[in-house]
Amino acid sequence: MVAVVFHLFSGGGVAQTPQSYPLVCRGSANLPIGTAPGEGNFGFVFTRGTKPASQGLAPGECSWVDRGMYPQEPDRLSQHVEPNSPSLRGNLAPENRWYEELHSSEKYWTFEAYNNGNGQLIVTGARPGRPGELEVSPAATLRPGTAEVRRPDQLIARQQTLPLDPLTSEEKQIAERIAKADSHVGELLGTGRQRLIYVEFLALKPDDEQKTRETPGRPIQIGRHAEVLLYRYDGDLGVRAVIDLEKREVKEASRVDGDQVPLTSEDVAEALELALQNEQLRTKLGPEAQQYRVEGERYRVEGMRILATDESDPCWKHRCLDLLFRRGQFYLAEFPVTVDLTARTVRLGRRAQ
Amino acid sequence: MRVCRFLGFAFVFVFIFVAMPLATEAQSCSSPYFVEQGFPVAGPEETKWRICWQMQHKFGLVITSAHFRKSPTSPWIRVFWDARVAEIFVPYHDDSDRFYDIMGFDWNWVKLAAADCPVPLGGTLLGAGPDACKQVRDRGFAWKKDDKLRRGEELVLWGAIAAANYNYITEWTFRDDGVILGRVGATGLNYPPHPFVNHVHDPIWRLDIDLDGFAGDSVHLGTHTEFVPAPGKATDTEPMIPSETGLDWDPGNFTSLQIHDKNLKNAKGNPSGYHLIPLPTGGLSRHQEDFTKHDFWVTLYNPTEIFAAKLPSYIKPPQSVENADVVVWYKGSMHHIVRDEDGEIIKGFWSGEAHVMWSGFMLKPHNLFDRTPLFP
């Protein structure tokens with residue numbers, strides 16, 4: 001536990017109070033808090049939270065509501081107590097009750113605080129509250145560039161993305177745009193039918209191993225990368241592009257075998273559309289045939305990828321799948337429907353072995 | 001005023017010399033993808049895990065970082081850079097289907113509910129879905145000697161892939177003694193087009209183990225041999241594996257992969273490492289596909305090499321894996337002999353659920369601690 005309580009004596013008031021921001025702190029059983037009669041300040045040292053308080057705090061941690069704390073920011077909090085305050089006589093005023101309550105890791109307090117530029121965060125207001133219960137007034141000031149208020153009564157903070165966090169939806173969109181705009185990726189994809197398969201997080205090891213070591217105040221430094229996988233039907237090929245999201249460029253792009261390009265729900269939807277054009281299948285499915293959907297609740301269809309192992313199989317080097325029809329929790333048994341998305345054909349019954 | 005200055009200096013002293021050395025390393029992922037668990041859950045910390053996880057396309061639950069601290073004053077040791085189930089291969093005995101349930105599909109993962117992860121059993125749902133369950137629980141005896149004993153605890157992270165008629169449960173267990181367990185469970189409905197055909201589920205794990213950084217790791221083949229050097233005697237050997245290769249598990253030889261870093265030693269000066277020990281359920285299968293012809297594989301790290309089905313191509317030509325950034329792979333097996341308990345066809349629909357079958361492995365610390373852990 002790094003938090004150590006201290007009692008500081010400050011000088012007089014400041015002529016102009018800087019803007020305060022909401023800082024949330026979580027208590028800890030290890031906080032050695034005691035009253036300090038006659039002293040002018042209560043305070044403690046805390047562990048800097050590296051993520052917004054709304055994302056959770058460890059015992060003894062404090063963090064801004066809208067973002068994690070920077071390593072260079074103070075990790076000392078100081079609240080001035082007037083000499084005649086009952087708090088100094090052991091009868092804590094409401095705004096000072098954190099002094100007792102932060103003994104418990106189940107207690108949270110929110111402080112309005114500003115950086116005095118001298119290694120301390122100065123408290124201008126305090127109220128009890130957990131991060132999940134925060135009610136930030138419309139007037140609450142958020143740190144510029146890191147957060148946004150979408151509803152006047154509720155703070156929705158933009159999370160500070162850490163190196164091993166999943167890609168955000170914004171990052172995925174950027175990665176896809178960069179990949180599709182890249183001329184080399186375009187050459188590999190050709191001009192025929194193609195499909196985006198997915199955009200996924202990628203943790204690439206840097207050349208400098210020291211960058212992969214977490215140290216106090218600094219997470220690993222590996223940048224942000226995305227893998228964009230696309231499929232081209234012509235030749236049954238995939239195109240894999242690695243995107244450097246910080247440099248906004250394609251780091252590398254290459255073709256991959258079609259068997260390494262997984263089936264997606266879009267593939268299954270397309271297969272279902274093709275399959276339902278088959279009259280024999282519609283007859284078998286009955287009047288509910290048109291109600292089957294990929295994500296359907298009662299009438300659901302699922303796809304099983306076929307990777308042909310024999311050149312004589314019509315699915316050899318084609319994008320093929322078996323469709324499974326499901327009604328509620330039950331599957332239509334012994335009812336294989338094979339769809340060849342490359343040849344755009346549908347076959348009922350067992351495939352040739 | 002002197003008192004004030006004294007207290008001010010005292011604070012600076014306490015802060016610099018007491019607080020600073022205990023400062024926590026920054027985390028590299030945000031909540032809920034960051035999981036930190038100290039043991040014992042109640043009482044002063046003895047050991048601790050820090051883990052990052054994600055749900056990823058195809059693979060489901062992926063461990064993107066795992067560090068272990070063997071005591072509150074010890075440095076963190078990275079164990080995993082990345083750990084994932086890299087394939088679940090499902091060949092049917094009649095050769096009707098041979099599914100690559102990881103490489104071939106981009107399944108959704110199962111959205112979990114409170115019943116999946118009961119709070120009274122130490123469960124916490126994680127992720128937006130929620131996608132994963134964290135469970136902190138008692139694991140039985142860590143050790144026992146007569147009237148003395150120590151119960152152990154563990155952190156379990158699991159998620160499930162919705163693989164059409166089946167669910168695959170990917171489970172990672174991080175124990176208070178530094179042990180890691182990886183398991184895959186298969187459960188669900190038998191494949192509707194041929195629900196009575198026996199088959200095998202082969203999960204294959206890709207374990208990017210980086211002890212004390214990613215360079216300088218080596219893998220040794222632990223082998224036990226009876227009758228050597230003479231009848232009635234036995235010997236254990238651990239030759240270093242020089243280059244990329246596939247290797248076989250022999251239950252009679254207690255075959256294991258032993259991963260070490262050239263610079264990582266415990267206080268006794270012994271090389272610290274992890275032993276990869278299969279925990280098969282019944283056996284380990286072989287099929288016509290080359291990647292199923294070995295139980296272990298050792299490869300040099302390459303971020304593009306993530307599909308187990310491509311392993312034979314990854315080791316051509318074999319590169320040196322001595323004091324290198326190595327990745328180890330292990331193939332388990334679940335032999336599913338269809339039984340009436342799996343289900344039945346009622347009015348043209350399959351009804352029933354095959355209960356979960358498991359296959360997995362253990363990563364066991366070896367000379368990582370300086371003495372018996374969890375011991376007075």
# chains A, B, ... in the order shown; residues from 1 in each chain; ligands from 1
$ interface_residues --of "chain B" --to "chain A" --cutoff "7 Å" --atoms "only C-alpha atoms" --output "ChimeraX atom specification"
/B:4,8,11,19,22-31,33,54,56-57,96,103-106,164,192-194,213,303,348-351
$ residues_around --residues "segment 24-26 of chain A" --least-positions-apart "4" --cutoff "12 Å" --atoms "only C-alpha atoms" --output "PyMOL selection string"
chain A and resi 3+30-31+44-49+51-69+75-77+98-99+101-113+123+125-134+136
$ select_by_dssp --residues "segment 131-347 of chain B" --states "helix (DSSP H, G or I)" --output "PyMOL selection string"
chain B and resi 251-253+290-292+308-314+340-342
$ closest_residue --among "A:Ala271, A:Leu341, A:Ala241, A:Val228" --to "Glu171 of chain A" --atoms "only C-alpha atoms"
A:Val228
$ select_by_dssp --residues "segment 179-272 of chain A" --states "strand (DSSP E or B)" --output "MDAnalysis selection string"
chainID A and resid 194:202 215:216 218 225:232 237:244 249:257 263
$ write_last_selection --atoms "N, CA, C and O atoms" --output "compact mmCIF listing (two decimals), in the first residue's frame"
# COMPACT_ATOMS: atom_id res chain seq x y z
N GLN A 194 -15.21 -9.30 -53.28
CA GLN A 194 -14.37 -9.35 -52.09
C GLN A 194 -15.21 -9.03 -50.87
O GLN A 194 -16.32 -8.52 -50.98
N ARG A 195 -14.67 -9.32 -49.71
CA ARG A 195 -15.43 -9.14 -48.47
C ARG A 195 -14.47 -8.83 -47.32
O ARG A 195 -13.40 -9.43 -47.23
N LEU A 196 -14.88 -7.88 -46.49
CA LEU A 196 -14.13 -7.65 -45.25
C LEU A 196 -14.51 -8.76 -44.27
O LEU A 196 -15.70 -8.99 -44.02
N ILE A 197 -13.52 -9.42 -43.72
CA ILE A 197 -13.80 -10.51 -42.78
C ILE A 197 -13.81 -9.97 -41.35
O ILE A 197 -14.76 -10.15 -40.61
N TYR A 198 -12.74 -9.32 -40.96
CA TYR A 198 -12.73 -8.71 -39.63
C TYR A 198 -11.57 -7.73 -39.50
O TYR A 198 -10.64 -7.73 -40.31
N VAL A 199 -11.64 -6.93 -38.45
CA VAL A 199 -10.52 -6.09 -38.02
C VAL A 199 -10.26 -6.47 -36.57
O VAL A 199 -11.19 -6.45 -35.75
N GLU A 200 -9.04 -6.83 -36.25
CA GLU A 200 -8.75 -7.34 -34.91
C GLU A 200 -7.48 -6.73 -34.33
O GLU A 200 -6.57 -6.33 -35.07
N PHE A 201 -7.46 -6.67 -33.03
CA PHE A 201 -6.29 -6.18 -32.29
C PHE A 201 -5.07 -7.06 -32.55
O PHE A 201 -5.18 -8.28 -32.66
N LEU A 202 -3.92 -6.43 -32.59
CA LEU A 202 -2.67 -7.15 -32.79
C LEU A 202 -1.61 -6.55 -31.86
O LEU A 202 -1.40 -5.34 -31.87
N THR A 215 6.55 -0.49 -15.92
CA THR A 215 7.25 0.14 -14.81
C THR A 215 6.26 1.06 -14.10
O THR A 215 5.20 1.38 -14.64
N PRO A 216 6.61 1.52 -12.90
CA PRO A 216 5.69 2.44 -12.23
C PRO A 216 5.40 3.65 -13.10
O PRO A 216 6.31 4.35 -13.54
N ARG A 218 4.29 3.68 -16.12
CA ARG A 218 4.43 3.53 -17.57
C ARG A 218 4.05 2.11 -18.01
O ARG A 218 4.72 1.14 -17.63
N HIS A 225 -1.80 -1.55 -33.05
CA HIS A 225 -1.83 -2.17 -34.38
C HIS A 225 -3.13 -2.94 -34.57
O HIS A 225 -3.72 -3.42 -33.60
N ALA A 226 -3.51 -3.06 -35.81
CA ALA A 226 -4.72 -3.81 -36.15
C ALA A 226 -4.42 -4.75 -37.31
O ALA A 226 -3.61 -4.44 -38.19
N GLU A 227 -5.06 -5.89 -37.27
CA GLU A 227 -5.00 -6.82 -38.39
C GLU A 227 -6.31 -6.70 -39.15
O GLU A 227 -7.39 -6.87 -38.56
N VAL A 228 -6.21 -6.40 -40.43
CA VAL A 228 -7.41 -6.33 -41.28
C VAL A 228 -7.36 -7.52 -42.23
O VAL A 228 -6.39 -7.70 -42.95
N LEU A 229 -8.40 -8.32 -42.20
CA LEU A 229 -8.44 -9.50 -43.06
C LEU A 229 -9.58 -9.34 -44.07
O LEU A 229 -10.73 -9.09 -43.69
N LEU A 230 -9.21 -9.47 -45.33
CA LEU A 230 -10.19 -9.37 -46.42
C LEU A 230 -10.14 -10.64 -47.25
O LEU A 230 -9.15 -11.37 -47.23
N TYR A 231 -11.22 -10.88 -47.95
CA TYR A 231 -11.28 -12.11 -48.75
C TYR A 231 -11.62 -11.77 -50.20
O TYR A 231 -12.46 -10.91 -50.46
N ARG A 232 -10.93 -12.43 -51.12
CA ARG A 232 -11.29 -12.31 -52.54
C ARG A 232 -11.69 -13.69 -53.05
O ARG A 232 -10.98 -14.67 -52.85
N LEU A 237 -8.62 -16.52 -51.96
CA LEU A 237 -7.47 -15.95 -51.26
C LEU A 237 -7.91 -14.93 -50.21
O LEU A 237 -8.94 -14.27 -50.35
N GLY A 238 -7.08 -14.81 -49.20
CA GLY A 238 -7.27 -13.76 -48.23
C GLY A 238 -6.16 -12.74 -48.36
O GLY A 238 -5.08 -13.03 -48.89
N VAL A 239 -6.44 -11.53 -47.93
CA VAL A 239 -5.42 -10.49 -47.88
C VAL A 239 -5.36 -9.97 -46.45
O VAL A 239 -6.39 -9.54 -45.90
N ARG A 240 -4.20 -10.08 -45.87
CA ARG A 240 -4.01 -9.69 -44.48
C ARG A 240 -3.14 -8.43 -44.45
O ARG A 240 -2.04 -8.42 -44.98
N ALA A 241 -3.68 -7.39 -43.85
CA ALA A 241 -2.93 -6.13 -43.73
C ALA A 241 -2.74 -5.79 -42.27
O ALA A 241 -3.68 -5.87 -41.47
N VAL A 242 -1.52 -5.45 -41.90
CA VAL A 242 -1.24 -5.00 -40.54
C VAL A 242 -1.16 -3.48 -40.57
O VAL A 242 -0.39 -2.89 -41.34
N ILE A 243 -1.99 -2.85 -39.76
CA ILE A 243 -2.10 -1.40 -39.75
C ILE A 243 -1.45 -0.83 -38.50
O ILE A 243 -1.74 -1.28 -37.38
N ASP A 244 -0.56 0.14 -38.70
CA ASP A 244 -0.01 0.90 -37.59
C ASP A 244 -0.95 2.07 -37.34
O ASP A 244 -1.01 3.01 -38.14
N GLU A 249 -0.73 3.95 -41.15
CA GLU A 249 -0.22 3.40 -42.40
C GLU A 249 -0.26 1.87 -42.36
O GLU A 249 -0.34 1.27 -41.28
N VAL A 250 -0.19 1.29 -43.55
CA VAL A 250 -0.11 -0.16 -43.66
C VAL A 250 1.34 -0.57 -43.40
O VAL A 250 2.25 -0.14 -44.10
N LYS A 251 1.52 -1.37 -42.38
CA LYS A 251 2.88 -1.80 -42.02
C LYS A 251 3.32 -2.95 -42.92
O LYS A 251 4.46 -3.04 -43.32
N GLU A 252 2.40 -3.85 -43.21
CA GLU A 252 2.68 -4.93 -44.15
C GLU A 252 1.38 -5.49 -44.67
O GLU A 252 0.33 -5.37 -44.02
N ALA A 253 1.44 -6.07 -45.84
CA ALA A 253 0.25 -6.69 -46.43
C ALA A 253 0.69 -7.92 -47.22
O ALA A 253 1.72 -7.90 -47.90
N SER A 254 -0.09 -8.97 -47.10
CA SER A 254 0.28 -10.20 -47.79
C SER A 254 -0.96 -11.03 -48.07
O SER A 254 -2.01 -10.84 -47.45
N ARG A 255 -0.81 -11.96 -49.00
CA ARG A 255 -1.90 -12.89 -49.27
C ARG A 255 -1.81 -14.07 -48.32
O ARG A 255 -0.72 -14.48 -47.92
N VAL A 256 -2.97 -14.61 -47.97
CA VAL A 256 -3.01 -15.83 -47.17
C VAL A 256 -3.94 -16.81 -47.87
O VAL A 256 -4.81 -16.41 -48.66
N ASP A 257 -3.74 -18.09 -47.57
CA ASP A 257 -4.59 -19.10 -48.18
C ASP A 257 -6.05 -18.90 -47.78
O ASP A 257 -6.34 -18.45 -46.66
N LEU A 263 -15.13 -18.24 -41.94
CA LEU A 263 -16.50 -17.97 -42.34
C LEU A 263 -17.08 -16.89 -41.43
O LEU A 263 -16.85 -16.90 -40.22
$ atom_distance --atom1 "atom CA of Gly216 of chain B" --atom2 "atom CA of Pro242 of chain B"
13.0 Å
$ residues_around --residues "Ile63 of chain B" --least-positions-apart "5" --cutoff "7 Å" --atoms "only C-alpha atoms" --output "mmCIF file with all heavy atoms, in the first residue's frame"
data_model
loop_
_atom_site.group_PDB
_atom_site.id
_atom_site.type_symbol
_atom_site.label_atom_id
_atom_site.label_comp_id
_atom_site.auth_asym_id
_atom_site.auth_seq_id
_atom_site.Cartn_x
_atom_site.Cartn_y
_atom_site.Cartn_z
ATOM 1 N N CYS B 52 -4.015 -9.541 -18.550
ATOM 2 C CA CYS B 52 -4.854 -8.852 -19.517
ATOM 3 C C CYS B 52 -5.500 -9.905 -20.411
ATOM 4 O O CYS B 52 -4.862 -10.902 -20.770
ATOM 5 C CB CYS B 52 -4.046 -7.888 -20.388
ATOM 6 S SG CYS B 52 -3.402 -6.445 -19.520
ATOM 7 N N TRP B 53 -6.733 -9.676 -20.752
ATOM 8 C CA TRP B 53 -7.443 -10.622 -21.605
ATOM 9 C C TRP B 53 -8.262 -9.857 -22.630
ATOM 10 O O TRP B 53 -8.519 -8.674 -22.474
ATOM 11 C CB TRP B 53 -8.356 -11.535 -20.769
ATOM 12 C CG TRP B 53 -9.476 -10.797 -20.104
ATOM 13 C CD1 TRP B 53 -9.428 -10.148 -18.908
ATOM 14 C CD2 TRP B 53 -10.804 -10.586 -20.608
ATOM 15 N NE1 TRP B 53 -10.638 -9.554 -18.640
ATOM 16 C CE2 TRP B 53 -11.505 -9.812 -19.656
ATOM 17 C CE3 TRP B 53 -11.474 -10.993 -21.776
ATOM 18 C CZ2 TRP B 53 -12.842 -9.425 -19.844
ATOM 19 C CZ3 TRP B 53 -12.796 -10.612 -21.957
ATOM 20 C CH2 TRP B 53 -13.465 -9.841 -20.984
ATOM 21 N N GLN B 54 -8.662 -10.568 -23.661
ATOM 22 C CA GLN B 54 -9.545 -10.006 -24.685
ATOM 23 C C GLN B 54 -10.378 -11.132 -25.271
ATOM 24 O O GLN B 54 -9.980 -12.295 -25.217
ATOM 25 C CB GLN B 54 -8.753 -9.387 -25.846
ATOM 26 C CG GLN B 54 -8.073 -8.093 -25.580
ATOM 27 C CD GLN B 54 -7.484 -7.514 -26.870
ATOM 28 O OE1 GLN B 54 -7.847 -7.902 -27.990
ATOM 29 N NE2 GLN B 54 -6.555 -6.578 -26.694
ATOM 30 N N ASP B 82 1.308 -13.968 -24.841
ATOM 31 C CA ASP B 82 0.030 -14.270 -25.483
ATOM 32 C C ASP B 82 -0.229 -15.766 -25.293
ATOM 33 O O ASP B 82 0.684 -16.578 -25.412
ATOM 34 C CB ASP B 82 0.118 -13.935 -26.980
ATOM 35 C CG ASP B 82 -1.184 -14.165 -27.730
ATOM 36 O OD1 ASP B 82 -1.513 -15.341 -27.997
ATOM 37 O OD2 ASP B 82 -1.852 -13.192 -28.066
ATOM 38 N N ALA B 83 -1.451 -16.095 -24.981
ATOM 39 C CA ALA B 83 -1.819 -17.513 -24.861
ATOM 40 C C ALA B 83 -3.237 -17.664 -25.395
ATOM 41 O O ALA B 83 -4.133 -16.907 -25.023
ATOM 42 C CB ALA B 83 -1.736 -17.967 -23.408
ATOM 43 N N ARG B 84 -3.423 -18.633 -26.267
ATOM 44 C CA ARG B 84 -4.731 -18.790 -26.901
ATOM 45 C C ARG B 84 -4.926 -20.218 -27.391
ATOM 46 O O ARG B 84 -3.957 -20.965 -27.590
ATOM 47 C CB ARG B 84 -4.873 -17.826 -28.080
ATOM 48 C CG ARG B 84 -3.903 -18.079 -29.209
ATOM 49 C CD ARG B 84 -4.071 -17.066 -30.341
ATOM 50 N NE ARG B 84 -3.658 -15.719 -29.959
ATOM 51 C CZ ARG B 84 -4.116 -14.612 -30.545
ATOM 52 N NH1 ARG B 84 -5.003 -14.706 -31.523
ATOM 53 N NH2 ARG B 84 -3.682 -13.414 -30.180
#
$ atom_distance --atom1 "atom CA of Lys48 of chain B" --atom2 "atom CA of Lys70 of chain B"
6.8 Å
$ atom_distance --atom1 "atom CA of Trp249 of chain B" --atom2 "atom CA of Asp295 of chain B"
5.9 Å
$ residues_around --residues "Ala234 of chain B" --least-positions-apart "6" --cutoff "8 Å" --atoms "only C-alpha atoms" --output "VMD selection string"
chain B and resid 224 to 228
$ closest_residue --among "B:Thr299, B:Thr173, B:Thr124, B:Thr281" --to "Trp49 of chain B" --atoms "only C-alpha atoms"
B:Thr173
$ residues_around --residues "Tyr233 of chain A" --least-positions-apart "6" --cutoff "8 Å" --atoms "only C-alpha atoms" --output "mmCIF file with C-alpha atoms, in the first residue's frame"
data_model
loop_
_atom_site.group_PDB
_atom_site.id
_atom_site.type_symbol
_atom_site.label_atom_id
_atom_site.label_comp_id
_atom_site.auth_asym_id
_atom_site.auth_seq_id
_atom_site.Cartn_x
_atom_site.Cartn_y
_atom_site.Cartn_z
ATOM 1 C CA GLY A 192 -13.460 -8.915 -58.286
ATOM 2 C CA ARG A 193 -15.843 -9.898 -55.495
ATOM 3 C CA GLN A 194 -14.367 -9.348 -52.086
ATOM 4 C CA HIS A 318 -14.184 -22.834 -53.043
ATOM 5 C CA ARG A 319 -15.865 -21.039 -50.166
ATOM 6 C CA THR A 342 -17.856 -19.251 -55.004
#
$ closest_atom_pairs --of "segment 30-116 of chain B" --to "segment 331-346 of chain B" --cutoff "12 Å" --atoms "only C-alpha atoms" --output "Markdown table"
| residue | atom | partner | partner_atom | distance |
| --- | --- | --- | --- | --- |
| B:Val85 | CA | B:Lys331 | CA | 9.6 |
| B:Ala86 | CA | B:Lys331 | CA | 9.7 |
| B:Glu87 | CA | B:Lys331 | CA | 8.9 |
| B:Ile88 | CA | B:Lys331 | CA | 9.1 |
| B:Phe89 | CA | B:Ser333 | CA | 9.2 |
| B:Val90 | CA | B:Met334 | CA | 9.5 |
| B:Pro91 | CA | B:His335 | CA | 10.3 |
| B:Tyr92 | CA | B:His336 | CA | 9.6 |
| B:His93 | CA | B:Ile337 | CA | 10.0 |
$ write_last_selection --atoms "N, CA and C atoms" --output "compact mmCIF listing (two decimals), in the first residue's frame"
# COMPACT_ATOMS: atom_id res chain seq x y z
N VAL B 85 -6.17 -20.57 -27.59
CA VAL B 85 -6.49 -21.82 -28.26
C VAL B 85 -6.39 -21.53 -29.75
N ALA B 86 -5.43 -22.14 -30.41
CA ALA B 86 -5.12 -21.79 -31.79
C ALA B 86 -5.88 -22.65 -32.80
N GLU B 87 -6.47 -23.72 -32.34
CA GLU B 87 -7.30 -24.54 -33.22
C GLU B 87 -8.11 -25.51 -32.37
N ILE B 88 -9.27 -25.86 -32.88
CA ILE B 88 -10.01 -27.01 -32.36
C ILE B 88 -10.42 -27.80 -33.60
N PHE B 89 -9.69 -28.88 -33.82
CA PHE B 89 -9.88 -29.68 -35.03
C PHE B 89 -10.84 -30.82 -34.70
N VAL B 90 -11.84 -31.01 -35.56
CA VAL B 90 -12.87 -32.01 -35.26
C VAL B 90 -13.07 -32.93 -36.46
N PRO B 91 -12.30 -34.01 -36.54
CA PRO B 91 -12.52 -34.99 -37.61
C PRO B 91 -13.53 -36.05 -37.16
N TYR B 92 -14.46 -36.37 -38.06
CA TYR B 92 -15.44 -37.42 -37.76
C TYR B 92 -14.92 -38.76 -38.27
N HIS B 93 -15.25 -39.80 -37.53
CA HIS B 93 -14.67 -41.12 -37.81
C HIS B 93 -14.99 -41.60 -39.22
